[in-house]
Amino acid sequence: MLYKEWEKLIREFEKSGKTQAQWCREKGLKIKAFNFQYRKYRRDNQNKEEINKTNWMPIQFEPMMTSKLNIRIGKAIIEIENGYDERLLQTIVKSLEAIC
């Protein structure tokens, strides 16, 4: 029997409200074969349900404009970005000027 046929039978079983044993007897199916396919069906569909239950939240990204300034003093290169500490930069430049 094809998997699609098993799926149809399993959905029919789930709607019946009967036990597997009762339902299989009425349909003339071997309970072990049905139980194997039923567990496989539930496992496969559990993964699908988990994916469907995932709540995705839309996110919008705003492009950030960053401007960088590179200062070269001798062999040293200082890369400056928005929000830099002015005093720290002055101290570094003075130190590098003395060394270079």
# chains A, B, ... in the order shown; residues from 1 in each chain; ligands from 1
>>> residues_around(residues="Tyr3 in chain A", least_positions_apart="5", cutoff="10 Å", atoms="only C-alpha atoms", output="mmCIF file with N, CA and C atoms, in the first residue's frame")
data_model
loop_
_atom_site.group_PDB
_atom_site.id
_atom_site.type_symbol
_atom_site.label_atom_id
_atom_site.label_comp_id
_atom_site.auth_asym_id
_atom_site.auth_seq_id
_atom_site.Cartn_x
_atom_site.Cartn_y
_atom_site.Cartn_z
ATOM 1 N N LYS A 8 -4.652 8.480 3.942
ATOM 2 C CA LYS A 8 -6.120 8.549 3.826
ATOM 3 C C LYS A 8 -6.781 7.678 4.896
ATOM 4 N N LEU A 9 -6.266 6.459 5.067
ATOM 5 C CA LEU A 9 -6.818 5.557 6.076
ATOM 6 C C LEU A 9 -6.628 6.113 7.491
ATOM 7 N N GLN A 37 2.597 2.480 10.451
ATOM 8 C CA GLN A 37 2.316 3.595 9.542
ATOM 9 C C GLN A 37 1.753 4.794 10.295
ATOM 10 N N LYS A 40 4.608 6.597 12.013
ATOM 11 C CA LYS A 40 5.370 7.298 10.979
ATOM 12 C C LYS A 40 4.622 8.557 10.534
ATOM 13 N N TYR A 41 3.329 8.445 10.318
ATOM 14 C CA TYR A 41 2.493 9.571 9.909
ATOM 15 C C TYR A 41 2.514 10.679 10.966
#
>>> closest_residue(among="A:Asn35, A:Gln90, A:Ser67, A:Asn82", to="Trp6 in chain A", atoms="only C-alpha atoms")
A:Asn35
>>> closest_residue(among="A:Asp85, A:Met1, A:Ile99, A:Lys15", to="Ala33 in chain A", atoms="only C-alpha atoms")
A:Met1
>>> atom_distance(atom1="CA of Glu26 in chain A", atom2="CA of Phe13 in chain A")
10.8 Å
>>> closest_residue(among="A:Leu88, A:Leu29, A:Leu96, A:Ile80", to="Lys68 in chain A", atoms="only C-alpha atoms")
A:Ile80
>>> closest_residue(among="A:Ile31, A:Gln60, A:Ile92, A:Thr19", to="Ile78 in chain A", atoms="only C-alpha atoms")
A:Ile92
>>> residues_around(residues="Arg72 in chain A", least_positions_apart="2", cutoff="12 Å", atoms="only C-alpha atoms", output="PyMOL selection string")
chain A and resi 69-70+74-80+92-93+96-97+100
